[in-house]
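Structure file upload39.txt with compact mmCIF, C-alpha atoms:
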```
# COMPACT_ATOMS: atom_id res chain seq x y z
CA MET A 1 38.35 -29.59 70.02
CA SER A 2 37.23 -30.99 66.68
CA GLY A 3 37.64 -28.92 63.54
CA LEU A 4 34.91 -27.82 61.18
CA GLN A 5 34.78 -28.08 57.42
CA GLY A 6 36.02 -25.06 55.45
CA GLY A 7 32.65 -23.44 54.81
CA ASP A 8 30.67 -24.44 57.88
CA ASP A 9 28.58 -21.74 59.49
CA VAL A 10 29.00 -21.88 63.24
CA GLY A 11 27.67 -20.43 66.45
CA PRO A 12 29.48 -18.87 69.40
CA VAL A 13 32.04 -20.98 71.22
CA GLY A 14 32.00 -21.18 75.01
CA GLY A 15 30.21 -18.82 77.38
CA LYS A 16 30.18 -15.06 76.90
CA PRO A 17 29.96 -13.98 73.25
CA PRO A 18 32.89 -11.84 72.04
CA ALA A 19 32.44 -8.13 71.37
CA ALA A 20 31.36 -7.17 67.87
CA THR A 21 33.87 -5.54 65.54
CA ARG A 22 33.48 -3.74 62.21
CA ILE A 23 35.66 -4.78 59.28
CA THR A 24 35.74 -3.35 55.76
CA GLY A 25 37.38 -5.41 53.04
CA SER A 26 36.94 -7.79 50.10
CA VAL A 27 35.29 -11.21 49.99
CA THR A 28 36.96 -14.10 48.11
CA GLU A 29 36.72 -17.88 47.87
CA GLY A 30 38.85 -19.65 50.46
CA VAL A 31 41.38 -22.44 49.99
CA GLU A 32 38.89 -25.18 50.93
CA THR A 33 35.82 -25.93 48.82
CA GLY A 34 32.95 -23.86 50.18
CA SER A 35 35.06 -21.66 52.43
CA VAL A 36 34.80 -17.90 52.11
CA VAL A 37 37.22 -15.32 53.44
CA LEU A 38 37.10 -11.61 54.08
CA THR A 39 40.41 -9.79 53.69
CA GLY A 40 40.20 -6.56 55.65
CA ASP A 41 41.64 -3.30 54.38
CA ASP A 42 44.26 -3.72 57.11
CA GLY A 43 45.38 -7.04 55.57
CA ARG A 44 43.88 -9.32 58.24
CA VAL A 45 42.10 -12.41 56.98
CA TRP A 46 38.80 -13.58 58.43
CA GLN A 47 36.97 -16.79 57.61
CA ILE A 48 33.26 -16.20 57.18
CA GLY A 49 30.54 -18.75 56.50
CA ARG A 50 29.69 -20.17 53.09
CA ARG A 51 26.35 -18.36 53.14
CA TRP A 52 28.34 -15.24 52.10
CA GLN A 53 29.77 -16.96 49.01
CA HIS A 54 27.49 -14.90 46.75
CA LEU A 55 29.52 -11.81 47.81
CA SER A 56 32.78 -13.17 46.39
CA GLY A 57 34.53 -10.38 44.47
CA ARG A 58 32.66 -7.67 46.37
CA ARG A 59 33.78 -5.08 48.92
CA VAL A 60 31.77 -5.21 52.11
CA ALA A 61 31.48 -3.68 55.54
CA VAL A 62 30.86 -6.42 58.11
CA VAL A 63 29.90 -6.36 61.75
CA GLY A 64 30.82 -9.63 63.41
CA ARG A 65 32.24 -11.40 66.43
CA PRO A 66 35.72 -12.96 66.19
CA GLN A 67 36.11 -16.59 67.32
CA PRO A 68 39.92 -16.92 67.64
CA ASP A 69 39.73 -20.28 69.44
CA LEU A 70 37.64 -21.96 66.74
CA LEU A 71 39.54 -24.18 64.29
CA THR A 72 38.42 -25.12 60.78
CA THR A 73 39.87 -27.41 58.15
CA ALA A 74 40.62 -24.37 55.95
CA GLN A 75 42.80 -22.80 58.69
CA GLN A 76 42.59 -19.51 56.82
CA GLY A 77 42.22 -16.52 59.12
CA VAL A 78 40.21 -16.11 62.27
CA VAL A 79 36.61 -17.29 62.16
CA LEU A 80 34.21 -14.34 62.20
CA LEU A 81 30.56 -14.84 63.10
CA VAL A 82 28.85 -12.31 60.85
CA ASP A 83 25.95 -10.33 62.29
CA GLU A 84 25.52 -7.73 59.53
CA VAL A 85 26.87 -7.15 55.99
CA THR A 86 26.71 -4.06 53.79
CA ASP A 87 27.64 -4.59 50.13
CA LEU A 88 29.90 -1.70 49.05
CA GLY A 89 30.25 -2.70 45.40
CA PRO A 90 32.86 -4.42 43.24
CA GLY A 91 36.02 -5.51 45.06
CA VAL A 92 39.01 -3.20 44.86
CA PRO A 93 42.37 -3.81 46.54
CA PRO A 94 43.01 -1.62 49.57
CA PRO A 95 45.28 1.40 48.84
CA HIS A 96 48.33 -0.04 50.66
CA ALA A 97 48.22 -3.23 48.53
CA MET A 98 48.83 -1.42 45.24
```

Rendering of file as C-alpha cells:
Amino acid sequence: MSGLQGGDDVGPVGGKPPAATRITGSVTEGVETGSVVLTGDDGRVWQIGRRWQHLSGRRVAVVGRPQPDLLTTAQQGVVLLVDEVTDLGPGVPPPHAM
C-alpha cells in the first residue's frame, strides 16, 4: 500500500465503508505541511484532510468514518473521512488535559 502526503483528502479504502462516529475536539496543524489533525476530548488523534485547515484553533464536533488501514506520510493519528463538521468556537483544552 502506498502512503499519501500529509494533507491529502482521501476516499474510502476497500469495500464496505466503515461506520460513522462522532468526535468532539480541537483542530490543529499536523506535523507535515498541509496536514490537519483533530485531537478528541478523549485524547485520541485523528488525521483529517487539509480542507479543514481553516478550522485550526477551533473546537469542533465531527461525524466521520475512521480509516485505520490507511497510511499517510504524516503518520499522525488515524485517518478520519469527515462527513460533517460543526464549529463549536475557539479551541479549549479538554478538562482532563488541564

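Excluding Ser56 in chain A and any residue on its chain fewer than 4 positions from it, the residues at most 8 Å away by all atoms listed in the file are Ser26, Val27, Thr28, Glu29, Val36 and Trp52 of chain A.
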
task: Excluding Val31 in chain A and residues on its chain fewer than 4 positions from it, collect all residues at most 10 Å away from it, counting all atoms listed in the file, and give them as an MDAnalysis selection string.
output: chainID A and resid 6 35:37 73:76

field: Val78 in chain A surroundings by all atoms listed in the file, 6 Å radius, close-in-sequence under 3 positions cut, as a PyMOL selection string
entry: chain A and resi 46-47+68

message: Taking 4 positions as the minimum chain separation for residues in the same chain, which residues sit within 12 Å of Leu38 in chain A when counting all atoms listed in the file? Answer as a ChimeraX atom specification.
response: /A:22-30,42-50,52-53,55-64,76-82,85,91

field: A:Glu84, A:Thr33, A:Arg51, A:Pro90 ranked by distance to Arg65 in chain A, top pick (using only C-alpha atoms)
entry: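 Checking each candidate against Arg65 in chain A, we get A:Glu84 as the closest.
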